[in-house]
>>> print(open('structure_16.txt').read())   # compact mmCIF, C-alpha atoms and all ligand atoms
# COMPACT_ATOMS: atom_id res chain seq x y z
CA MET M 1 11.03 8.26 -20.93
CA SER M 2 13.54 9.17 -18.32
CA GLY M 3 12.57 9.13 -14.72
CA GLY M 4 13.09 12.06 -12.43
CA GLY M 5 14.68 11.68 -9.07
CA VAL M 6 14.99 13.84 -6.03
CA GLU M 7 18.07 13.37 -3.95
CA VAL M 8 17.19 11.95 -0.60
CA ALA M 9 18.40 14.02 2.27
CA GLU M 10 19.24 11.53 4.97
CA GLU M 11 18.59 14.09 7.68
CA GLN M 12 15.10 14.64 6.31
CA ARG M 13 14.03 11.31 7.66
CA GLY M 14 12.49 11.17 11.10
CA ALA M 15 15.15 10.85 13.79
CA GLY M 16 15.72 7.32 14.95
CA ALA M 17 13.95 5.78 12.00
CA GLU M 18 15.24 2.26 11.63
CA GLU M 19 15.55 -0.04 8.69
CA ILE M 20 12.49 -2.16 8.99
CA ASP M 21 12.01 -5.53 7.43
CA ARG M 22 8.69 -5.05 5.76
CA SER M 23 8.62 -8.37 4.03
CA LEU M 24 5.12 -9.48 3.19
CA SER M 25 5.93 -13.08 4.03
CA SER M 26 3.55 -12.96 6.97
CA ALA M 27 0.56 -11.08 5.65
CA PRO M 28 -0.70 -8.48 8.13
CA PRO M 29 -4.27 -8.89 9.28
CA ARG M 30 -6.85 -6.79 7.45
CA LEU M 31 -7.63 -3.67 9.33
CA CYS M 32 -11.29 -3.59 8.47
CA SER M 33 -13.34 -6.12 10.30
CA SER M 34 -16.73 -6.93 8.84
CA ALA M 35 -18.22 -4.77 11.62
CA SER M 36 -16.68 -1.64 10.10
CA SER M 37 -17.09 -2.46 6.45
CA VAL M 38 -19.86 -3.02 3.95
CA THR M 39 -19.42 -5.75 1.35
CA ILE M 40 -20.27 -4.46 -2.10
CA ALA M 41 -20.32 -7.20 -4.76
CA GLY M 42 -17.76 -9.22 -2.85
CA ILE M 43 -15.46 -6.31 -1.92
CA PRO M 44 -15.45 -5.09 1.70
CA VAL M 45 -15.51 -1.28 1.70
CA ALA M 46 -14.56 0.54 4.91
CA ASN M 47 -17.44 2.34 6.54
CA LEU M 48 -15.40 5.32 7.67
CA THR M 49 -15.52 9.07 7.18
CA GLU M 50 -12.55 10.74 5.54
CA ASN M 51 -11.23 11.83 8.96
CA GLU M 52 -11.62 8.32 10.34
CA THR M 53 -9.84 6.93 7.29
CA VAL M 54 -6.86 9.26 7.81
CA ALA M 55 -6.78 8.22 11.50
CA GLU M 56 -6.80 4.53 10.53
CA ILE M 57 -4.02 5.08 8.01
CA ASP M 58 -2.07 6.87 10.72
CA ARG M 59 -2.43 3.74 12.83
CA LEU M 60 -1.19 1.61 9.92
CA ILE M 61 1.81 3.89 9.40
CA ALA M 62 2.78 3.44 13.06
CA ASP M 63 2.97 -0.32 12.52
CA GLN M 64 6.27 -1.89 11.51
CA ARG M 65 4.86 -3.87 8.60
CA PRO M 66 4.01 -2.55 5.13
CA HIS M 67 0.39 -1.73 4.49
CA TYR M 68 -1.64 -0.62 1.53
CA ALA M 69 -5.07 0.79 0.86
CA ALA M 70 -7.12 0.99 -2.32
CA VAL M 71 -10.06 3.01 -3.50
CA VAL M 72 -12.89 1.56 -5.58
CA ASN M 73 -15.49 2.85 -7.96
CA ALA M 74 -18.15 0.86 -9.81
CA GLY M 75 -15.74 -0.01 -12.64
CA LYS M 76 -13.08 -1.38 -10.31
CA ILE M 77 -15.61 -3.49 -8.42
CA VAL M 78 -16.85 -4.93 -11.71
CA ALA M 79 -13.25 -5.53 -12.81
CA ALA M 80 -12.50 -7.30 -9.53
CA ASN M 81 -15.44 -9.63 -10.14
CA GLN M 82 -13.85 -10.60 -13.46
CA ASP M 83 -10.20 -10.56 -12.40
CA GLU M 84 -9.28 -12.89 -9.56
CA ARG M 85 -5.88 -11.26 -9.06
CA LEU M 86 -7.36 -7.79 -8.61
CA LYS M 87 -10.06 -9.17 -6.34
CA GLN M 88 -7.49 -10.86 -4.10
CA ILE M 89 -5.44 -7.66 -3.91
CA LEU M 90 -8.53 -5.75 -2.80
CA LEU M 91 -9.39 -8.47 -0.28
CA ASP M 92 -5.84 -8.33 1.09
CA ALA M 93 -5.78 -4.52 1.31
CA ASP M 94 -5.80 -3.09 4.82
CA LEU M 95 -8.42 -0.61 3.79
CA VAL M 96 -10.66 -0.09 0.76
CA THR M 97 -12.64 3.12 0.46
CA ALA M 98 -15.47 4.29 -1.82
CA ASP M 99 -13.94 6.43 -4.55
CA GLY M 100 -17.14 6.57 -6.56
CA MET M 101 -20.52 7.89 -5.49
CA SER M 102 -22.08 4.82 -7.12
CA VAL M 103 -20.46 2.69 -4.42
CA VAL M 104 -22.14 4.82 -1.75
CA TRP M 105 -25.48 4.55 -3.58
CA ALA M 106 -25.05 0.78 -3.80
CA SER M 107 -24.46 0.59 -0.05
CA ARG M 108 -27.77 2.41 0.47
CA VAL M 109 -29.61 0.09 -1.89
CA LEU M 110 -28.17 -2.83 0.09
CA GLY M 111 -29.50 -1.32 3.33
CA GLN M 112 -26.03 -0.74 4.83
CA PRO M 113 -25.27 2.87 3.99
CA LEU M 114 -21.63 3.93 3.97
CA LYS M 115 -21.00 7.06 6.02
CA GLN M 116 -19.14 8.89 3.31
CA ARG M 117 -17.45 8.74 -0.04
CA VAL M 118 -13.67 8.84 0.45
CA THR M 119 -12.04 9.49 -2.92
CA GLY M 120 -8.48 8.68 -3.91
CA ILE M 121 -7.62 12.26 -4.75
CA ASP M 122 -9.07 13.69 -1.51
CA LEU M 123 -7.28 11.03 0.51
CA PHE M 124 -4.05 11.71 -1.39
CA GLU M 125 -4.18 15.43 -0.61
CA ARG M 126 -5.12 14.80 3.03
CA LEU M 127 -2.24 12.35 3.44
CA ILE M 128 0.24 14.75 1.87
CA ALA M 129 -0.77 17.47 4.36
CA HIS M 130 -0.58 14.88 7.12
CA ALA M 131 2.88 13.75 5.96
CA GLU M 132 4.13 17.33 6.09
CA GLN M 133 2.80 17.78 9.63
CA ARG M 134 4.18 14.47 10.85
CA GLY M 135 7.54 14.69 9.10
CA LEU M 136 6.89 11.59 6.97
CA SER M 137 8.61 11.42 3.61
CA VAL M 138 6.75 10.56 0.42
CA TYR M 139 7.58 8.97 -2.93
CA LEU M 140 5.45 9.78 -5.97
CA LEU M 141 5.26 7.13 -8.69
CA GLY M 142 3.15 7.38 -11.80
CA ALA M 143 1.73 9.50 -14.64
CA ARG M 144 3.72 11.18 -17.38
CA GLU M 145 7.04 12.84 -16.57
CA GLU M 146 5.64 16.39 -16.89
CA SER M 147 2.71 15.45 -14.67
CA VAL M 148 4.70 13.93 -11.82
CA ARG M 149 7.19 16.81 -12.01
CA GLY M 150 4.25 19.21 -11.88
CA VAL M 151 3.03 17.50 -8.71
CA VAL M 152 6.47 17.85 -7.12
CA GLU M 153 6.54 21.57 -8.01
CA GLN M 154 3.01 22.11 -6.74
CA PHE M 155 3.62 20.30 -3.44
CA THR M 156 6.95 22.07 -2.91
CA LYS M 157 5.08 25.39 -3.06
CA GLN M 158 1.99 24.27 -1.16
CA TYR M 159 3.72 22.20 1.54
CA PRO M 160 7.17 23.76 1.99
CA SER M 161 8.19 21.35 4.76
CA LEU M 162 7.05 18.24 2.92
CA GLN M 163 9.86 15.72 2.50
CA ILE M 164 9.69 14.39 -1.05
CA ALA M 165 12.01 11.40 -0.99
CA GLY M 166 11.75 10.85 -4.74
CA TYR M 167 9.54 10.53 -7.77
CA HIS M 168 9.32 8.66 -11.05
CA ASN M 169 6.91 8.63 -13.98
CA GLY M 170 4.62 5.65 -14.48
CA TYR M 171 5.99 4.48 -17.83
CA PHE M 172 8.61 1.81 -17.30
CA THR M 173 9.32 -1.76 -18.34
CA ASP M 174 9.24 -4.82 -16.11
CA SER M 175 13.01 -4.87 -15.96
CA GLU M 176 13.13 -1.17 -15.00
CA SER M 177 10.61 -1.91 -12.28
CA GLN M 178 13.28 -3.77 -10.28
CA SER M 179 15.64 -0.80 -10.19
CA LEU M 180 12.72 1.46 -9.38
CA VAL M 181 11.90 -0.66 -6.35
CA GLU M 182 15.54 -0.34 -5.31
CA SER M 183 15.48 3.49 -5.71
CA ILE M 184 12.35 3.67 -3.58
CA ARG M 185 14.02 1.53 -0.93
CA LEU M 186 17.13 3.71 -1.00
CA SER M 187 15.00 6.86 -0.78
CA ARG M 188 13.72 5.54 2.58
CA ALA M 189 10.30 6.99 1.84
CA ASP M 190 7.59 6.36 4.42
CA LEU M 191 4.59 6.75 2.12
CA LEU M 192 4.24 5.76 -1.52
CA PHE M 193 1.58 7.08 -3.87
CA VAL M 194 1.14 5.22 -7.15
CA ALA M 195 -0.80 6.90 -9.96
CA MET M 196 -0.77 4.47 -12.88
CA GLY M 197 -4.46 3.76 -13.32
CA SER M 198 -6.20 0.53 -12.42
CA PRO M 199 -5.41 -2.35 -12.23
CA ALA M 200 -1.73 -1.55 -13.01
CA GLN M 201 -1.23 0.43 -9.80
CA GLU M 202 -2.87 -2.23 -7.62
CA TYR M 203 -0.78 -4.98 -9.24
CA TRP M 204 2.39 -2.95 -8.82
CA ILE M 205 1.76 -2.12 -5.17
CA ALA M 206 0.80 -5.67 -4.22
CA SER M 207 3.83 -7.18 -5.97
CA ASN M 208 6.41 -4.68 -4.82
CA ILE M 209 5.46 -3.00 -1.56
CA GLY M 210 7.26 -5.62 0.53
CA HIS M 211 10.57 -4.72 -1.15
CA THR M 212 10.26 -0.93 -1.18
CA GLY M 213 10.62 -0.39 2.55
CA VAL M 214 7.63 2.01 2.64
CA ARG M 215 5.19 1.85 5.51
CA PHE M 216 2.10 2.60 3.51
CA ALA M 217 1.09 2.74 -0.16
CA LEU M 218 -2.01 3.99 -1.91
CA GLY M 219 -3.06 3.79 -5.57
CA VAL M 220 -4.39 7.19 -6.62
CA GLY M 221 -5.37 6.72 -10.29
CA GLY M 222 -5.34 9.94 -12.29
CA SER M 223 -4.69 12.17 -9.25
CA PHE M 224 -1.24 13.37 -10.35
CA ASP M 225 -2.76 14.78 -13.55
CA HIS M 226 -5.29 16.70 -11.45
CA VAL M 227 -2.77 18.05 -8.93
CA SER M 228 -0.33 19.08 -11.69
CA GLY M 229 -3.17 20.80 -13.53
CA LEU M 230 -2.82 18.62 -16.66
CA ALA M 231 -6.37 17.35 -16.18
CA ARG M 232 -9.24 19.19 -14.60
CA ARG M 233 -11.48 17.70 -12.00
CA ALA M 234 -15.27 18.11 -12.26
CA PRO M 235 -16.74 21.19 -10.54
CA ARG M 236 -17.47 20.70 -6.82
CA TRP M 237 -21.24 20.65 -7.33
CA MET M 238 -20.92 17.80 -9.83
CA GLN M 239 -18.69 15.86 -7.42
CA ARG M 240 -21.21 16.39 -4.61
CA ILE M 241 -24.16 14.98 -6.52
CA GLY M 242 -22.11 12.04 -7.78
CA PHE M 243 -21.85 13.12 -11.42
CA GLU M 244 -18.08 13.37 -11.72
CA TRP M 245 -18.24 10.38 -14.10
CA LEU M 246 -20.45 12.39 -16.49
CA TYR M 247 -17.89 15.19 -16.53
CA ARG M 248 -15.10 12.72 -17.34
CA PHE M 249 -17.25 11.03 -19.95
CA LEU M 250 -18.01 14.34 -21.68
CA ARG M 251 -14.32 15.25 -21.72
CA GLU M 252 -13.09 11.89 -23.03
CA PRO M 253 -16.10 10.07 -24.55
CA ARG M 254 -14.03 7.70 -26.73
CA ARG M 255 -11.99 6.41 -23.81
CA MET M 256 -14.72 6.53 -21.19
CA TRP M 257 -17.86 5.22 -22.87
CA ARG M 258 -17.00 1.57 -22.36
CA ARG M 259 -15.93 2.15 -18.76
CA TYR M 260 -19.12 3.95 -17.83
CA LEU M 261 -21.79 2.41 -20.02
CA ILE M 262 -20.75 -1.22 -19.72
CA GLY M 263 -19.10 -0.86 -16.30
CA ASN M 264 -22.05 0.89 -14.68
CA SER M 265 -24.60 -1.52 -16.16
CA LEU M 266 -22.66 -4.54 -14.90
CA PHE M 267 -22.32 -2.88 -11.51
CA ILE M 268 -26.09 -2.38 -11.30
CA LEU M 269 -26.54 -6.06 -12.17
CA LEU M 270 -24.12 -7.16 -9.45
CA ILE M 271 -25.83 -5.00 -6.86
CA ALA M 272 -29.29 -6.20 -7.94
CA ARG M 273 -28.12 -9.81 -7.57
CA GLN M 274 -26.67 -9.11 -4.15
CA ARG M 275 -29.86 -7.34 -3.08
CA ILE M 276 -32.05 -10.22 -4.28
CA GLY M 277 -29.68 -12.69 -2.63
CA HIS M 278 -30.01 -10.79 0.66
CA SER M 279 -33.76 -10.71 0.59
CA ARG M 280 -33.76 -14.47 -0.09
CA GLY M 281 -31.30 -14.98 2.76
CA ASP M 282 -28.67 -16.21 0.31
CA THR M 283 -25.23 -15.55 1.77
CA THR M 284 -23.05 -16.80 -1.09
CA ALA M 285 -20.63 -14.30 -2.57
CA ILE M 286 -21.43 -12.78 -5.92
CA ARG M 287 -19.16 -13.88 -8.75
N1 LIG M 301 -0.42 5.89 -16.43
C1 LIG M 301 0.86 5.51 -16.05
N2 LIG M 301 1.43 4.45 -16.67
C2 LIG M 301 0.80 3.72 -17.63
C3 LIG M 301 -0.52 4.10 -17.99
C4 LIG M 301 -1.11 5.17 -17.35
O1 LIG M 301 1.45 6.13 -15.18
O2 LIG M 301 1.40 2.77 -18.13
C5 LIG M 301 -1.02 7.05 -15.77
C6 LIG M 301 -1.61 8.06 -16.71
O3 LIG M 301 -0.59 8.93 -17.18
C7 LIG M 301 -2.62 8.74 -15.81
C8 LIG M 301 -3.06 7.62 -14.87
O4 LIG M 301 -2.10 6.59 -15.01
O5 LIG M 301 -2.00 9.76 -15.07
C9 LIG M 301 -4.39 6.98 -15.19
O6 LIG M 301 -5.38 7.82 -15.03
P1 LIG M 301 -6.89 7.34 -15.10
O7 LIG M 301 -7.67 8.59 -15.17
O8 LIG M 301 -7.10 6.28 -16.13
O9 LIG M 301 -7.00 6.65 -13.69
P2 LIG M 301 -8.29 6.19 -12.91
O10 LIG M 301 -8.26 6.99 -11.66
O11 LIG M 301 -9.48 6.46 -13.75
O12 LIG M 301 -8.00 4.72 -12.68
>>> encode(input="structure_16.txt", output="structure tokens")
Amino acid sequence: MSGGGVEVAEEQRGAGAEEIDRSLSSAPPRLCSSASSVTIAGIPVANLTENETVAEIDRLIADQRPHYAAVVNAGKIVAANQDERLKQILLDADLVTADGMSVVWASRVLGQPLKQRVTGIDLFERLIAHAEQRGLSVYLLGAREESVRGVVEQFTKQYPSLQIAGYHNGYFTDSESQSLVESIRLSRADLLFVAMGSPAQEYWIASNIGHTGVRFALGVGGSFDHVSGLARRAPRWMQRIGFEWLYRFLREPRRMWRRYLIGNSLFILLIARQRIGHSRGDTTAIR
């Protein structure tokens, strides 16, 4: 599938922006100290509201080094407990937020309630609005060609001053990945949104962010399909009560049953173990 590209207008970039060496050789310190995060089955989740999260990301963007955030639901936390590479990427992230309501429920069960659920798609849309206001350019990577193009069209209408430095679909080979990294670097994008599903997007960000020149990257799962209108999000009321998963399950039962049935059961087990460990005063991490 061919990738789309938007010519980068050099003048679109913020005045005085300099080429920054964002090599990851010296890993930046994690933003979230244990004081502002809640550890859910071994993964520290930021205890921030959506507004606070945007403010923290703003702080990260102001820094010269590359940063990335991730969002987690029950399935991703379970996956991270079975996949050391994913777990390390989440531990190294500057910020991890609760994408799924089950993560917020787990924090309550553990007696350390998170303030709010901060989903990938909500954060994505907030950061796009923020980028328009602040004159930051964005690169969109992921989803099918028609989907990512649809996002570009939608954002061009909705945020007329938004600087879209470039875009590319999420279907490429390992060898094409290298030239993609180079196009992102040449686009001089400030923010990178990667919508390739998990764990592919987390792997891609962690391996490549240091070479893309972006200041901040976020994995946003299926968000491009929602913004482009190719996939519908659950009604607001279902999102509010934490039943978005049921909506997705009913729409795609064959693909989702394993994720939700097995994933959610394992998640409950992990949380139960952590809870029992706490009440026994056991401080060892859950594996
Ligand atoms: N996708 C992609 N490249 C791939 C496989 C998937 O860009 O090789 C895209 C896919 O088109 C979809 C998104 O990744 O837009 C995955 O969505 P999903 O709903 O699985 O993400 P989740 O948020 O549940 O992780």
>>> closest_atom_pairs(input="structure_16.txt", of="chain M", to="ligand LIG 301 (chain M)", cutoff="7 Å", atoms="all atoms listed in the file", output="tab-separated table")
residue	atom	partner	partner_atom	distance
M:Gly142	CA	M:LIG301	O1	4.0
M:Ala143	CA	M:LIG301	O1	3.4
M:Arg144	CA	M:LIG301	O3	4.9
M:Asn169	CA	M:LIG301	O1	6.1
M:Gly170	CA	M:LIG301	O1	3.3
M:Tyr171	CA	M:LIG301	N2	4.7
M:Ala195	CA	M:LIG301	O4	5.2
M:Met196	CA	M:LIG301	O4	3.3
M:Gly197	CA	M:LIG301	O12	3.7
M:Ser198	CA	M:LIG301	O12	4.6
M:Val220	CA	M:LIG301	O10	6.4
M:Gly221	CA	M:LIG301	O10	3.2
M:Gly222	CA	M:LIG301	O6	3.5
M:Ser223	CA	M:LIG301	O10	6.7
M:Phe224	CA	M:LIG301	O5	6.0
M:Asp225	CA	M:LIG301	O5	5.3
>>> closest_atom_pairs(input="structure_16.txt", of="range 170-242 of chain M", to="range 50-74 of chain M", cutoff="12 Å", atoms="only C-alpha atoms", output="tab-separated table")
residue	atom	partner	partner_atom	distance
M:Ala189	CA	M:Ile61	CA	11.8
M:Asp190	CA	M:Ile61	CA	8.0
M:Leu191	CA	M:Ile61	CA	8.3
M:Leu192	CA	M:Tyr68	CA	9.2
M:Phe193	CA	M:Tyr68	CA	9.9
M:Val194	CA	M:Ala70	CA	10.5
M:Ala195	CA	M:Ala70	CA	11.5
M:Gly197	CA	M:Val71	CA	11.3
M:Ser198	CA	M:Val72	CA	9.6
M:Pro199	CA	M:Ala70	CA	10.6
M:Gln201	CA	M:Ala70	CA	9.5
M:Glu202	CA	M:Ala70	CA	7.5
M:Tyr203	CA	M:Ala70	CA	11.1
M:Trp204	CA	M:Tyr68	CA	11.3
M:Ile205	CA	M:Tyr68	CA	7.7
M:Ala206	CA	M:Tyr68	CA	8.0
M:Ser207	CA	M:Tyr68	CA	11.4
M:Asn208	CA	M:Pro66	CA	10.5
M:Ile209	CA	M:Pro66	CA	6.9
M:Gly210	CA	M:Pro66	CA	6.4
M:His211	CA	M:Pro66	CA	9.3
M:Thr212	CA	M:Pro66	CA	9.0
M:Gly213	CA	M:Pro66	CA	7.4
M:Val214	CA	M:Pro66	CA	6.3
M:Arg215	CA	M:Pro66	CA	4.6
M:Phe216	CA	M:His67	CA	4.8
M:Ala217	CA	M:Tyr68	CA	4.6
M:Leu218	CA	M:Ala69	CA	5.2
M:Gly219	CA	M:Ala70	CA	5.9
M:Val220	CA	M:Val71	CA	7.7
M:Gly221	CA	M:Val71	CA	9.0
M:Gly242	CA	M:Asn73	CA	11.3
>>> atom_distance(input="structure_16.txt", atom1="CA of Trp257 in chain M", atom2="CA of Trp245 in chain M")
10.2 Å
>>> atom_distance(input="structure_16.txt", atom1="CA of Arg236 in chain M", atom2="CA of Leu250 in chain M")
16.2 Å
>>> residues_around(input="structure_16.txt", residues="Ile271 in chain M", least_positions_apart="5", cutoff="12 Å", atoms="all atoms listed in the file", output="PyMOL selection string")
chain M and resi 39-43+74+77-78+81+102-111+264-266+276-278+285-287
>>> decode(input="structure_16.txt", residues="range 45-77 of chain M", atoms="N, CA and C atoms", output="compact mmCIF listing (two decimals), in the first residue's frame")
# COMPACT_ATOMS: atom_id res chain seq x y z
N VAL M 45 0.61 3.86 36.66
CA VAL M 45 -0.34 4.63 35.86
C VAL M 45 -0.46 6.02 36.50
N ALA M 46 -0.32 7.05 35.69
CA ALA M 46 -0.34 8.43 36.21
C ALA M 46 -1.68 8.76 36.84
N ASN M 47 -1.61 9.34 38.04
CA ASN M 47 -2.85 9.73 38.70
C ASN M 47 -3.14 11.20 38.40
N LEU M 48 -3.55 11.44 37.17
CA LEU M 48 -3.77 12.81 36.70
C LEU M 48 -5.12 12.90 36.01
N THR M 49 -5.71 14.09 36.06
CA THR M 49 -6.92 14.31 35.26
C THR M 49 -6.48 14.52 33.81
N GLU M 50 -7.46 14.59 32.92
CA GLU M 50 -7.10 14.81 31.51
C GLU M 50 -6.39 16.17 31.34
N ASN M 51 -6.90 17.18 32.04
CA ASN M 51 -6.26 18.51 31.93
C ASN M 51 -4.83 18.47 32.46
N GLU M 52 -4.65 17.80 33.58
CA GLU M 52 -3.30 17.69 34.16
C GLU M 52 -2.37 16.92 33.22
N THR M 53 -2.94 15.91 32.56
CA THR M 53 -2.12 15.12 31.63
C THR M 53 -1.65 15.99 30.47
N VAL M 54 -2.57 16.79 29.92
CA VAL M 54 -2.19 17.68 28.81
C VAL M 54 -1.11 18.66 29.29
N ALA M 55 -1.26 19.17 30.51
CA ALA M 55 -0.27 20.11 31.05
C ALA M 55 1.10 19.43 31.20
N GLU M 56 1.10 18.17 31.65
CA GLU M 56 2.36 17.44 31.81
C GLU M 56 3.00 17.18 30.45
N ILE M 57 2.16 16.86 29.48
CA ILE M 57 2.70 16.61 28.13
C ILE M 57 3.28 17.91 27.56
N ASP M 58 2.64 19.00 27.87
CA ASP M 58 3.14 20.31 27.44
C ASP M 58 4.54 20.55 28.01
N ARG M 59 4.72 20.13 29.24
CA ARG M 59 6.02 20.27 29.90
C ARG M 59 7.06 19.38 29.19
N LEU M 60 6.63 18.18 28.83
CA LEU M 60 7.53 17.26 28.12
C LEU M 60 7.93 17.83 26.77
N ILE M 61 6.95 18.44 26.08
CA ILE M 61 7.22 18.97 24.75
C ILE M 61 8.25 20.10 24.82
N ALA M 62 8.22 20.84 25.93
CA ALA M 62 9.15 21.96 26.09
C ALA M 62 10.58 21.48 26.29
N ASP M 63 10.73 20.21 26.68
CA ASP M 63 12.06 19.67 26.93
C ASP M 63 12.74 19.35 25.60
N GLN M 64 14.06 19.34 25.61
CA GLN M 64 14.80 19.11 24.36
C GLN M 64 14.86 17.64 23.95
N ARG M 65 14.61 16.76 24.90
CA ARG M 65 14.75 15.33 24.59
C ARG M 65 13.43 14.73 24.10
N PRO M 66 13.50 13.59 23.41
CA PRO M 66 12.25 12.97 22.95
C PRO M 66 11.53 12.27 24.11
N HIS M 67 10.25 12.36 24.10
CA HIS M 67 9.45 11.72 25.16
C HIS M 67 8.30 10.95 24.53
N TYR M 68 7.82 9.95 25.26
CA TYR M 68 6.61 9.28 24.77
C TYR M 68 5.72 8.89 25.93
N ALA M 69 4.43 8.82 25.62
CA ALA M 69 3.45 8.37 26.60
C ALA M 69 2.73 7.16 26.03
N ALA M 70 2.05 6.44 26.89
CA ALA M 70 1.26 5.28 26.44
C ALA M 70 -0.03 5.26 27.24
N VAL M 71 -1.03 4.63 26.67
CA VAL M 71 -2.28 4.45 27.41
C VAL M 71 -2.48 2.95 27.61
N VAL M 72 -3.07 2.57 28.74
CA VAL M 72 -3.26 1.13 29.00
C VAL M 72 -4.71 0.80 29.36
N ASN M 73 -5.12 -0.34 28.86
CA ASN M 73 -6.39 -0.93 29.31
C ASN M 73 -6.03 -2.27 29.96
N ALA M 74 -7.06 -3.01 30.39
CA ALA M 74 -6.80 -4.28 31.07
C ALA M 74 -5.96 -5.21 30.19
N GLY M 75 -6.31 -5.30 28.91
CA GLY M 75 -5.62 -6.21 28.00
C GLY M 75 -4.14 -5.87 27.87
N LYS M 76 -3.83 -4.58 27.81
CA LYS M 76 -2.43 -4.20 27.63
C LYS M 76 -1.63 -4.47 28.90
N ILE M 77 -2.28 -4.30 30.05
CA ILE M 77 -1.58 -4.59 31.31
C ILE M 77 -1.31 -6.09 31.43
